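Visitor: One file is attached below, final10.cif, containing mmCIF, C-alpha atoms.
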```
data_model
loop_
_atom_site.group_PDB
_atom_site.id
_atom_site.type_symbol
_atom_site.label_atom_id
_atom_site.label_comp_id
_atom_site.auth_asym_id
_atom_site.auth_seq_id
_atom_site.Cartn_x
_atom_site.Cartn_y
_atom_site.Cartn_z
ATOM 1 C CA MET A 1 227.420 30.610 151.139
ATOM 2 C CA ASP A 2 226.617 27.034 151.976
ATOM 3 C CA ARG A 3 226.260 24.854 148.918
ATOM 4 C CA LEU A 4 223.100 22.816 148.557
ATOM 5 C CA VAL A 5 224.045 19.160 148.694
ATOM 6 C CA VAL A 6 221.758 16.734 146.872
ATOM 7 C CA THR A 7 222.190 13.192 148.048
ATOM 8 C CA ASP A 8 221.303 9.987 146.234
ATOM 9 C CA ALA A 9 218.392 9.530 148.642
ATOM 10 C CA ASP A 10 217.009 12.934 147.611
ATOM 11 C CA ARG A 11 217.320 12.010 143.943
ATOM 12 C CA HIS A 12 215.523 8.699 144.483
ATOM 13 C CA ARG A 13 212.809 10.455 146.498
ATOM 14 C CA TYR A 14 212.306 13.029 143.742
ATOM 15 C CA ALA A 15 212.236 10.315 141.093
ATOM 16 C CA ARG A 16 209.594 8.358 143.038
ATOM 17 C CA ARG A 17 207.438 11.489 143.452
ATOM 18 C CA HIS A 18 207.811 12.352 139.789
ATOM 19 C CA ARG A 19 206.900 8.796 138.772
ATOM 20 C CA ALA A 20 203.917 8.743 141.125
ATOM 21 C CA GLY A 21 202.712 12.094 139.786
ATOM 22 C CA ARG A 22 202.951 10.874 136.188
ATOM 23 C CA ILE A 23 201.118 7.652 137.023
ATOM 24 C CA ALA A 24 198.355 9.603 138.782
ATOM 25 C CA LEU A 25 198.069 11.987 135.820
ATOM 26 C CA TYR A 26 197.779 9.138 133.306
ATOM 27 C CA ALA A 27 195.293 7.321 135.522
ATOM 28 C CA ILE A 28 193.084 10.425 135.716
ATOM 29 C CA ALA A 29 193.365 10.867 131.937
ATOM 30 C CA VAL A 30 192.395 7.246 131.269
ATOM 31 C CA ILE A 31 189.460 7.374 133.694
ATOM 32 C CA SER A 32 188.256 10.646 132.158
ATOM 33 C CA ALA A 33 188.540 9.223 128.644
ATOM 34 C CA LEU A 34 186.600 6.103 129.614
ATOM 35 C CA ALA A 35 183.921 8.222 131.313
ATOM 36 C CA ALA A 36 183.595 10.403 128.209
ATOM 37 C CA ALA A 37 183.592 7.474 125.780
ATOM 38 C CA GLY A 38 181.409 5.254 127.970
ATOM 39 C CA PRO A 39 178.025 6.402 126.605
ATOM 40 C CA PHE A 40 179.186 6.023 123.005
ATOM 41 C CA VAL A 41 180.652 2.567 123.660
ATOM 42 C CA TRP A 42 177.410 1.527 125.355
ATOM 43 C CA ALA A 43 175.382 2.881 122.408
ATOM 44 C CA ALA A 44 177.553 1.038 119.871
ATOM 45 C CA ILE A 45 177.213 -2.247 121.769
ATOM 46 C CA THR A 46 173.470 -1.774 122.292
ATOM 47 C CA THR A 47 173.015 -1.260 118.544
ATOM 48 C CA PHE A 48 173.946 -4.894 117.890
ATOM 49 C CA LYS A 49 172.257 -6.510 120.899
ATOM 50 C CA GLN A 50 169.294 -8.820 120.534
ATOM 51 C CA ASP A 51 166.144 -7.997 122.495
ATOM 52 C CA SER A 52 166.607 -11.013 124.745
ATOM 53 C CA ASP A 53 170.140 -9.820 125.547
ATOM 54 C CA LEU A 54 169.185 -6.192 126.132
ATOM 55 C CA TYR A 55 166.192 -6.652 128.428
ATOM 56 C CA ARG A 56 167.669 -9.157 130.894
ATOM 57 C CA ARG A 57 168.817 -7.375 134.014
ATOM 58 C CA ARG A 58 171.453 -9.896 134.896
ATOM 59 C CA ASN A 59 173.242 -9.448 131.552
ATOM 60 C CA ASN A 60 176.265 -7.155 131.414
ATOM 61 C CA PRO A 61 175.299 -4.147 129.220
ATOM 62 C CA PHE A 62 178.885 -3.676 128.005
ATOM 63 C CA ILE A 63 179.400 -7.125 126.506
ATOM 64 C CA PHE A 64 177.506 -9.363 124.107
ATOM 65 C CA ASN A 65 175.883 -12.092 126.151
ATOM 66 C CA GLU A 66 174.263 -13.452 122.971
ATOM 67 C CA THR A 67 175.166 -13.389 119.297
ATOM 68 C CA PRO A 68 175.181 -9.814 117.899
ATOM 69 C CA THR A 69 172.671 -8.889 115.191
ATOM 70 C CA THR A 70 172.356 -6.151 112.550
ATOM 71 C CA ASP A 71 168.566 -6.375 112.355
ATOM 72 C CA HIS A 72 168.095 -3.114 114.225
ATOM 73 C CA ILE A 73 170.251 -1.193 111.756
ATOM 74 C CA GLY A 74 168.133 -2.696 108.976
ATOM 75 C CA LEU A 75 164.998 -1.517 110.781
ATOM 76 C CA LEU A 76 166.410 1.994 111.026
ATOM 77 C CA ILE A 77 167.458 2.200 107.369
ATOM 78 C CA ASN A 78 164.586 0.338 105.708
ATOM 79 C CA ASP A 79 161.550 0.937 107.914
ATOM 80 C CA THR A 80 162.017 4.600 108.848
ATOM 81 C CA GLY A 81 162.831 7.775 106.951
ATOM 82 C CA PHE A 82 166.356 7.904 108.403
ATOM 83 C CA VAL A 83 168.035 8.533 105.035
ATOM 84 C CA THR A 84 165.611 11.387 104.310
ATOM 85 C CA PHE A 85 166.162 12.816 107.790
ATOM 86 C CA ALA A 86 169.935 12.650 107.334
ATOM 87 C CA TRP A 87 169.753 14.382 103.946
ATOM 88 C CA ASN A 88 167.513 17.129 105.341
ATOM 89 C CA THR A 89 169.885 17.634 108.262
ATOM 90 C CA LEU A 90 172.894 17.808 105.928
ATOM 91 C CA TRP A 91 171.589 20.400 103.499
ATOM 92 C CA VAL A 92 170.002 22.520 106.239
ATOM 93 C CA GLY A 93 173.296 22.445 108.147
ATOM 94 C CA VAL A 94 175.329 23.429 105.083
ATOM 95 C CA LEU A 95 173.020 26.350 104.276
ATOM 96 C CA VAL A 96 172.997 27.537 107.883
ATOM 97 C CA VAL A 97 176.812 27.413 107.956
ATOM 98 C CA LEU A 98 177.044 29.455 104.742
ATOM 99 C CA ILE A 99 174.535 32.035 105.994
ATOM 100 C CA THR A 100 176.302 32.220 109.354
ATOM 101 C CA LEU A 101 179.668 32.874 107.719
ATOM 102 C CA ALA A 102 178.194 35.387 105.257
ATOM 103 C CA LEU A 103 176.694 37.434 108.098
ATOM 104 C CA SER A 104 179.156 36.932 110.939
ATOM 105 C CA LEU A 105 182.414 37.552 109.029
ATOM 106 C CA PRO A 106 181.660 41.124 107.878
ATOM 107 C CA ALA A 107 179.905 41.932 111.165
ATOM 108 C CA ALA A 108 182.844 40.726 113.249
ATOM 109 C CA TYR A 109 185.342 42.507 110.991
ATOM 110 C CA SER A 110 183.521 45.827 111.201
ATOM 111 C CA LEU A 111 183.199 45.627 114.990
ATOM 112 C CA ALA A 112 186.807 44.556 115.530
ATOM 113 C CA ARG A 113 188.595 46.683 112.927
ATOM 114 C CA LEU A 114 186.599 49.884 112.414
ATOM 115 C CA ASP A 115 187.239 52.287 115.275
ATOM 116 C CA ARG A 116 183.751 53.277 116.351
ATOM 117 C CA PRO A 117 182.690 54.175 119.905
ATOM 118 C CA TRP A 118 179.704 51.858 119.695
ATOM 119 C CA ALA A 119 181.679 48.792 118.542
ATOM 120 C CA GLY A 120 182.245 47.341 122.028
ATOM 121 C CA PRO A 121 178.678 47.735 123.323
ATOM 122 C CA MET A 122 177.314 46.489 120.004
ATOM 123 C CA GLY A 123 179.440 43.323 120.212
ATOM 124 C CA ILE A 124 178.224 42.635 123.753
ATOM 125 C CA ALA A 125 174.611 43.281 122.716
ATOM 126 C CA ILE A 126 174.936 40.821 119.829
ATOM 127 C CA PHE A 127 176.246 38.151 122.172
ATOM 128 C CA PHE A 128 173.416 38.779 124.646
ATOM 129 C CA VAL A 129 170.971 37.870 121.863
ATOM 130 C CA TYR A 130 172.381 34.337 121.996
ATOM 131 C CA LEU A 131 171.564 34.153 125.715
ATOM 132 C CA VAL A 132 167.854 34.788 125.179
ATOM 133 C CA PRO A 133 165.987 31.479 125.827
ATOM 134 C CA PRO A 134 164.419 29.976 122.670
ATOM 135 C CA THR A 135 161.034 29.776 124.399
ATOM 136 C CA LEU A 136 160.893 33.582 124.611
ATOM 137 C CA LEU A 137 161.526 33.922 120.875
ATOM 138 C CA PHE A 138 159.197 31.139 119.827
ATOM 139 C CA LEU A 139 156.051 33.233 119.269
ATOM 140 C CA SER A 140 157.773 35.968 117.284
ATOM 141 C CA LEU A 141 159.713 33.485 115.178
ATOM 142 C CA SER A 142 156.602 31.405 114.519
ATOM 143 C CA ARG A 143 154.859 34.543 113.204
ATOM 144 C CA LEU A 144 157.845 35.145 110.943
ATOM 145 C CA VAL A 145 157.692 31.578 109.613
ATOM 146 C CA VAL A 146 153.967 31.915 108.895
ATOM 147 C CA ALA A 147 154.439 35.295 107.238
ATOM 148 C CA LEU A 148 157.049 33.784 104.902
ATOM 149 C CA GLY A 149 154.837 30.769 104.183
ATOM 150 C CA LEU A 150 157.492 28.317 105.390
ATOM 151 C CA GLN A 151 155.477 26.342 107.932
ATOM 152 C CA ASP A 152 156.032 22.562 107.702
ATOM 153 C CA SER A 153 159.117 23.139 105.553
ATOM 154 C CA THR A 154 162.803 22.645 106.325
ATOM 155 C CA TRP A 155 163.363 26.119 104.870
ATOM 156 C CA SER A 156 161.895 27.466 108.105
ATOM 157 C CA LEU A 157 164.925 26.037 109.926
ATOM 158 C CA VAL A 158 167.270 27.661 107.423
ATOM 159 C CA VAL A 159 165.681 31.003 108.325
ATOM 160 C CA ILE A 160 165.493 30.440 112.083
ATOM 161 C CA TYR A 161 168.798 28.761 112.975
ATOM 162 C CA PRO A 162 171.060 31.685 111.970
ATOM 163 C CA THR A 163 169.388 33.728 114.708
ATOM 164 C CA ILE A 164 171.117 31.318 117.109
ATOM 165 C CA THR A 165 174.422 30.754 115.309
ATOM 166 C CA VAL A 166 175.234 34.267 114.096
ATOM 167 C CA PRO A 167 175.496 36.068 117.484
ATOM 168 C CA VAL A 168 177.964 33.656 119.068
ATOM 169 C CA SER A 169 179.894 33.350 115.787
ATOM 170 C CA VAL A 170 180.297 37.135 115.621
ATOM 171 C CA TRP A 171 181.567 37.174 119.196
ATOM 172 C CA LEU A 172 184.000 34.351 118.496
ATOM 173 C CA LEU A 173 185.371 35.946 115.324
ATOM 174 C CA ILE A 174 185.741 39.338 117.020
ATOM 175 C CA GLY A 175 187.993 37.743 119.617
ATOM 176 C CA PHE A 176 190.034 35.974 116.993
ATOM 177 C CA LEU A 177 190.374 39.085 114.794
ATOM 178 C CA LYS A 178 191.936 40.892 117.727
ATOM 179 C CA THR A 179 194.811 38.394 117.648
ATOM 180 C CA ILE A 180 195.685 39.397 114.061
ATOM 181 C CA PRO A 181 197.880 42.545 113.896
ATOM 182 C CA LYS A 182 196.342 45.454 112.003
ATOM 183 C CA ASP A 183 199.727 46.156 110.434
ATOM 184 C CA ILE A 184 199.325 43.170 108.110
ATOM 185 C CA GLU A 185 196.190 44.426 106.406
ATOM 186 C CA GLU A 186 197.389 48.040 106.507
ATOM 187 C CA GLN A 187 200.453 46.921 104.555
ATOM 188 C CA ALA A 188 198.179 45.180 102.058
ATOM 189 C CA MET A 189 196.183 48.413 101.646
ATOM 190 C CA VAL A 190 199.426 50.327 101.093
ATOM 191 C CA ASP A 191 200.260 47.821 98.344
ATOM 192 C CA GLY A 192 197.043 48.777 96.542
ATOM 193 C CA TYR A 193 194.308 46.536 97.954
ATOM 194 C CA SER A 194 191.022 48.021 99.056
ATOM 195 C CA ARG A 195 189.818 47.321 102.589
ATOM 196 C CA VAL A 196 187.578 44.538 101.268
ATOM 197 C CA GLY A 197 190.431 43.138 99.204
ATOM 198 C CA ALA A 198 192.777 43.210 102.181
ATOM 199 C CA MET A 199 190.157 41.458 104.291
ATOM 200 C CA VAL A 200 189.548 38.715 101.725
ATOM 201 C CA ARG A 201 193.159 38.133 100.671
ATOM 202 C CA VAL A 202 195.018 38.695 103.937
ATOM 203 C CA VAL A 203 192.717 38.527 106.962
ATOM 204 C CA VAL A 204 190.425 35.641 105.994
ATOM 205 C CA PRO A 205 193.296 33.116 105.474
ATOM 206 C CA LEU A 206 194.647 34.017 108.912
ATOM 207 C CA LEU A 207 191.132 33.614 110.312
ATOM 208 C CA PHE A 208 190.886 30.011 109.148
ATOM 209 C CA PRO A 209 191.023 28.465 112.658
ATOM 210 C CA GLY A 210 188.203 30.748 113.785
ATOM 211 C CA ILE A 211 186.211 29.957 110.645
ATOM 212 C CA VAL A 212 186.612 26.230 111.322
ATOM 213 C CA ALA A 213 185.352 26.783 114.867
ATOM 214 C CA VAL A 214 182.305 28.629 113.507
ATOM 215 C CA ILE A 215 181.590 25.866 110.971
ATOM 216 C CA VAL A 216 181.764 23.124 113.602
ATOM 217 C CA PHE A 217 179.663 25.096 116.071
ATOM 218 C CA ALA A 218 176.964 26.062 113.547
ATOM 219 C CA PHE A 219 176.639 22.589 112.027
ATOM 220 C CA THR A 220 176.545 20.671 115.308
ATOM 221 C CA LEU A 221 173.977 23.075 116.748
ATOM 222 C CA THR A 222 171.855 22.688 113.619
ATOM 223 C CA ALA A 223 172.055 18.900 113.780
ATOM 224 C CA SER A 224 171.140 18.707 117.476
ATOM 225 C CA GLU A 225 168.506 21.459 117.856
ATOM 226 C CA PHE A 226 165.110 20.028 118.801
ATOM 227 C CA ILE A 227 162.584 22.664 119.911
ATOM 228 C CA TYR A 228 162.214 24.647 116.682
ATOM 229 C CA ALA A 229 162.496 21.544 114.497
ATOM 230 C CA LEU A 230 159.656 19.908 116.428
ATOM 231 C CA ALA A 231 157.448 23.012 116.500
ATOM 232 C CA PHE A 232 157.758 24.151 112.891
ATOM 233 C CA ILE A 233 157.793 20.838 110.979
ATOM 234 C CA SER A 234 155.174 18.078 110.992
ATOM 235 C CA PRO A 235 155.479 16.074 107.707
ATOM 236 C CA SER A 236 157.896 13.158 107.960
ATOM 237 C CA ALA A 237 159.445 13.994 104.590
ATOM 238 C CA GLU A 238 160.563 17.400 105.928
ATOM 239 C CA LYS A 239 161.875 16.333 109.336
ATOM 240 C CA VAL A 240 165.505 16.324 110.394
ATOM 241 C CA ILE A 241 167.290 13.668 112.444
ATOM 242 C CA SER A 242 166.768 15.327 115.827
ATOM 243 C CA THR A 243 162.971 15.031 115.495
ATOM 244 C CA GLY A 244 162.412 12.389 112.813
ATOM 245 C CA VAL A 245 164.260 9.536 114.510
ATOM 246 C CA PRO A 246 162.537 9.845 117.929
ATOM 247 C CA THR A 247 159.060 10.297 116.455
ATOM 248 C CA GLU A 248 159.371 7.147 114.321
ATOM 249 C CA LEU A 249 161.211 4.945 116.808
ATOM 250 C CA VAL A 250 159.228 5.877 119.916
ATOM 251 C CA ARG A 251 155.744 4.531 119.332
ATOM 252 C CA GLY A 252 153.564 5.012 122.362
ATOM 253 C CA ASP A 253 155.241 3.141 125.188
ATOM 254 C CA VAL A 254 157.389 1.063 122.816
ATOM 255 C CA PHE A 255 160.975 2.232 122.466
ATOM 256 C CA PHE A 256 163.155 0.709 119.746
ATOM 257 C CA TRP A 257 166.278 1.220 121.807
ATOM 258 C CA GLN A 258 168.741 -0.555 119.527
ATOM 259 C CA SER A 259 167.632 1.375 116.451
ATOM 260 C CA LEU A 260 167.700 4.638 118.399
ATOM 261 C CA GLN A 261 171.264 3.937 119.452
ATOM 262 C CA ALA A 262 172.152 2.937 115.888
ATOM 263 C CA ALA A 263 170.933 6.331 114.674
ATOM 264 C CA ALA A 264 173.066 8.074 117.298
ATOM 265 C CA VAL A 265 176.153 6.102 116.278
ATOM 266 C CA LEU A 266 175.637 6.579 112.529
ATOM 267 C CA VAL A 267 175.297 10.335 113.011
ATOM 268 C CA ALA A 268 178.100 10.722 115.537
ATOM 269 C CA VAL A 269 180.825 8.780 113.676
ATOM 270 C CA PRO A 270 181.096 10.954 110.517
ATOM 271 C CA ILE A 271 180.783 14.185 112.533
ATOM 272 C CA ALA A 272 183.483 13.001 114.932
ATOM 273 C CA PHE A 273 185.724 11.993 112.014
ATOM 274 C CA VAL A 274 185.440 15.396 110.329
ATOM 275 C CA PHE A 275 185.806 17.140 113.685
ATOM 276 C CA ASN A 276 189.069 15.319 114.406
ATOM 277 C CA LEU A 277 190.477 16.325 111.017
ATOM 278 C CA PHE A 278 190.252 19.966 112.108
ATOM 279 C CA LEU A 279 190.659 19.470 115.859
ATOM 280 C CA ASP A 280 193.817 21.564 116.222
ATOM 281 C CA ARG A 281 192.378 24.487 114.293
ATOM 282 C CA PHE A 282 189.070 24.185 116.138
ATOM 283 C CA ILE A 283 190.804 24.414 119.524
ATOM 284 C CA ALA A 284 192.943 27.313 118.315
ATOM 285 C CA GLY A 285 189.854 29.168 117.141
ATOM 286 C CA PHE A 286 188.019 28.794 120.431
ATOM 287 C CA THR A 287 190.977 29.407 122.758
ATOM 288 C CA GLN A 288 192.364 32.434 120.942
ATOM 289 C CA GLY A 289 188.903 33.883 120.449
ATOM 290 C CA ALA A 290 188.069 33.352 124.101
ATOM 291 C CA VAL A 291 191.340 34.860 125.378
ATOM 292 C CA LYS A 292 191.138 37.995 123.268
ATOM 293 C CA GLY A 293 187.353 38.392 123.373
#
```
Will you turn the file into structure tokens for me?

Guide:
Amino acid sequence: MDRLVVTDADRHRYARRHRAGRIALYAIAVISALAAAGPFVWAAITTFKQDSDLYRRRNNPFIFNETPTTDHIGLLINDTGFVTFAWNTLWVGVLVVLITLALSLPAAYSLARLDRPWAGPMGIAIFFVYLVPPTLLFLSLSRLVVALGLQDSTWSLVVIYPTITVPVSVWLLIGFLKTIPKDIEEQAMVDGYSRVGAMVRVVVPLLFPGIVAVIVFAFTLTASEFIYALAFISPSAEKVISTGVPTELVRGDVFFWQSLQAAAVLVAVPIAFVFNLFLDRFIAGFTQGAVKG
């Protein structure tokens, strides 16, 4: 057989192609990162812009053409109910996360682990509930809120939001449970644990990436949802950030753009920080759940 001869010219050609490919890959990555971070960077810069700097067309929106100011942050904190809105959003989000986990964990476990002929169709049916548009459920849910006497109360959101978060969380956890071998919990049951004990002591720790994914999903959805929060709550003291900030900073045809952007930045930074702490587990939860689901 003829031996393949690699010349120095071939090596240099391959090296140039490899270098060009790497440069193109990094260039695409940098451009994508700048495109993704662009709105946040613009919001952060706008937060500190003076009105005369913001409303002049010839000024570059990505630099400070005049001295930055913190007056708009002061307006947001001192002249609106932003702190109250943030507190309402936090405790509603925490309760919704707890309710979502309390309902979705046992539901996902029973559908994934108990061999029943209806488990597969039931899992698909639960996920289809998530696909129903909120506008179709609005009338029935509003009757439920009135029947419970929760109108104009943040407790109405605690009742309503799990109807959105639970279905997709069940579907996600079902997919992730299928990546955990049954032999592990069967061995725990042989060692004397009940099925519930094996689930709590063996399965749940292995489910931690999926649980993190559910927590992030449920909390971010709660913090960003707008339709139900606007429809069910009117008093300012009960509003959450998604509705309270726009209603107080959009007054007729006057938009307090810098304060609006300040609210977005102040909300996004802590969520992004916590999200990055669990980023690896969050990605593992979604990818493994998606592959096996």

Visitor: Please report as a Markdown table every residue of segment 103-219 of chain A lying within 8 Å of segment 237-256 of chain A, along with the nearest atom pair and their distance in Å (one decimal), using only C-alpha atoms.

Guide:
```
| residue | atom | partner | partner_atom | distance |
| --- | --- | --- | --- | --- |
| A:Asp152 | CA | A:Glu238 | CA | 7.1 |
| A:Ser153 | CA | A:Glu238 | CA | 5.9 |
| A:Thr154 | CA | A:Glu238 | CA | 5.7 |
```

Visitor: Hey, which of A:Phe127, A:Phe176, A:Tyr193, A:Phe226 ends up closest to Gly210 of chain A? Count all atoms listed in the file.

Guide: A:Phe176

Visitor: Please identify all polymer residues within 10 Å of Arg201 of chain A, counting all atoms listed in the file, omitting same-chain residues fewer than 5 positions from it, and present them as a VMD selection string.

Guide: chain A and resid 185 188 193 195 to 196 206

Visitor: Report as a PyMOL selection string the residues that result from applying the PyMOL selection byres ((chain A and resi 144-151) around 12) to the structure here.

Guide: chain A and resi 137-143+152-161+228-235+238-239

Visitor: Could you state the separation of atom CA of Val202 of chain A and atom CA of Val170 of chain A in Å, given to one decimal place?

Guide: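 That distance, rounded to one decimal, is 18.9 Å.
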
Visitor: For each of A:Met199, A:Val30, A:Ile99, A:Ile63, take the minimum atom-to-atom distance to Ala44 of chain A, counting all atoms listed in the file, then give the residue where this is smallest.

Guide: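 Closest candidate: A:Ile63.
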
Visitor: Between atom CA of Ser104 of chain A and atom CA of Ser169 of chain A, what distance in Å does the model show, to one decimal?

Guide: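 So the answer is 6.1 Å.
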
Visitor: Selection in question (the file shown): the PyMOL selection byres ((chain A and resi 96) around 10). Which residues does it include, as a PyMOL selection string?

Guide: chain A and resi 90-95+97-102+157-163+165-166+215+218-219+221-222

Visitor: Pick out the closest residue to Lys49 of chain A from this set: A:Pro68, A:Pro61, A:Pro134, A:Pro209. Count only C-alpha atoms.

Guide: A:Pro68

Visitor: Just give me the gap between atom CA of Leu131 of chain A and atom CA of Trp171 of chain A in Å, one decimal is fine.

Guide: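 These two atoms are separated by 12.3 Å.
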
Visitor: Please determine the residues with any atom at most 9 Å from (174.1, 0.3, 122.2) (coordinates as given in the file, with only C-alpha atoms counting) and report them as a PDB file with C-alpha atoms, in the coordinates of the input.

Guide:
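Wrote part_17.pdb, looks like this:
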```pdb
ATOM      1  CA  PRO A  39     178.025   6.402 126.605  1.00  0.00           C
ATOM      2  CA  PHE A  40     179.186   6.023 123.005  1.00  0.00           C
ATOM      3  CA  VAL A  41     180.652   2.567 123.660  1.00  0.00           C
ATOM      4  CA  TRP A  42     177.410   1.527 125.355  1.00  0.00           C
ATOM      5  CA  ALA A  43     175.382   2.881 122.408  1.00  0.00           C
ATOM      6  CA  ALA A  44     177.553   1.038 119.871  1.00  0.00           C
ATOM      7  CA  ILE A  45     177.213  -2.247 121.769  1.00  0.00           C
ATOM      8  CA  THR A  46     173.470  -1.774 122.292  1.00  0.00           C
ATOM      9  CA  THR A  47     173.015  -1.260 118.544  1.00  0.00           C
ATOM     10  CA  PHE A  48     173.946  -4.894 117.890  1.00  0.00           C
ATOM     11  CA  LYS A  49     172.257  -6.510 120.899  1.00  0.00           C
ATOM     12  CA  PRO A  61     175.299  -4.147 129.220  1.00  0.00           C
ATOM     13  CA  PHE A  62     178.885  -3.676 128.005  1.00  0.00           C
ATOM     14  CA  TRP A 257     166.278   1.220 121.807  1.00  0.00           C
ATOM     15  CA  GLN A 258     168.741  -0.555 119.527  1.00  0.00           C
ATOM     16  CA  SER A 259     167.632   1.375 116.451  1.00  0.00           C
ATOM     17  CA  LEU A 260     167.700   4.638 118.399  1.00  0.00           C
ATOM     18  CA  GLN A 261     171.264   3.937 119.452  1.00  0.00           C
ATOM     19  CA  ALA A 262     172.152   2.937 115.888  1.00  0.00           C
ATOM     20  CA  VAL A 265     176.153   6.102 116.278  1.00  0.00           C
TER      21      VAL A 265
END
```

Visitor: Around (176.0, 13.1, 112.4), as given in the file, which residues come within 10 Å? Count all atoms listed in the file and list them as a list in words.

Guide: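 Protein and nucleic acid residues near the point are Ala86, Thr89, Leu90, Phe219, Thr220, Ala223, Ser224, Ile241, Ala263, Ala264, Val265, Leu266, Val267, Ala268, Val269, Pro270, Ile271, Ala272, Phe273 and Val274 of chain A.
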
Visitor: Evaluated on this file, the PyMOL selection byres ((chain A and resi 180) around 12) picks out some residues - which ones are they, written as a PDB file with C-alpha atoms, in the frame of the given file?

Guide:
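Saved as out.pdb:
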```pdb
ATOM      1  CA  TYR A 109     185.342  42.507 110.991  1.00  0.00           C
ATOM      2  CA  ALA A 112     186.807  44.556 115.530  1.00  0.00           C
ATOM      3  CA  ARG A 113     188.595  46.683 112.927  1.00  0.00           C
ATOM      4  CA  LEU A 173     185.371  35.946 115.324  1.00  0.00           C
ATOM      5  CA  ILE A 174     185.741  39.338 117.020  1.00  0.00           C
ATOM      6  CA  GLY A 175     187.993  37.743 119.617  1.00  0.00           C
ATOM      7  CA  PHE A 176     190.034  35.974 116.993  1.00  0.00           C
ATOM      8  CA  LEU A 177     190.374  39.085 114.794  1.00  0.00           C
ATOM      9  CA  LYS A 178     191.936  40.892 117.727  1.00  0.00           C
ATOM     10  CA  THR A 179     194.811  38.394 117.648  1.00  0.00           C
ATOM     11  CA  PRO A 181     197.880  42.545 113.896  1.00  0.00           C
ATOM     12  CA  LYS A 182     196.342  45.454 112.003  1.00  0.00           C
ATOM     13  CA  ASP A 183     199.727  46.156 110.434  1.00  0.00           C
ATOM     14  CA  ILE A 184     199.325  43.170 108.110  1.00  0.00           C
ATOM     15  CA  GLU A 185     196.190  44.426 106.406  1.00  0.00           C
ATOM     16  CA  GLU A 186     197.389  48.040 106.507  1.00  0.00           C
ATOM     17  CA  MET A 199     190.157  41.458 104.291  1.00  0.00           C
ATOM     18  CA  VAL A 202     195.018  38.695 103.937  1.00  0.00           C
ATOM     19  CA  VAL A 203     192.717  38.527 106.962  1.00  0.00           C
ATOM     20  CA  VAL A 204     190.425  35.641 105.994  1.00  0.00           C
ATOM     21  CA  PRO A 205     193.296  33.116 105.474  1.00  0.00           C
ATOM     22  CA  LEU A 206     194.647  34.017 108.912  1.00  0.00           C
ATOM     23  CA  LEU A 207     191.132  33.614 110.312  1.00  0.00           C
ATOM     24  CA  PHE A 208     190.886  30.011 109.148  1.00  0.00           C
ATOM     25  CA  PRO A 209     191.023  28.465 112.658  1.00  0.00           C
ATOM     26  CA  GLY A 210     188.203  30.748 113.785  1.00  0.00           C
ATOM     27  CA  GLN A 288     192.364  32.434 120.942  1.00  0.00           C
ATOM     28  CA  GLY A 289     188.903  33.883 120.449  1.00  0.00           C
ATOM     29  CA  LYS A 292     191.138  37.995 123.268  1.00  0.00           C
TER      30      LYS A 292
END
```
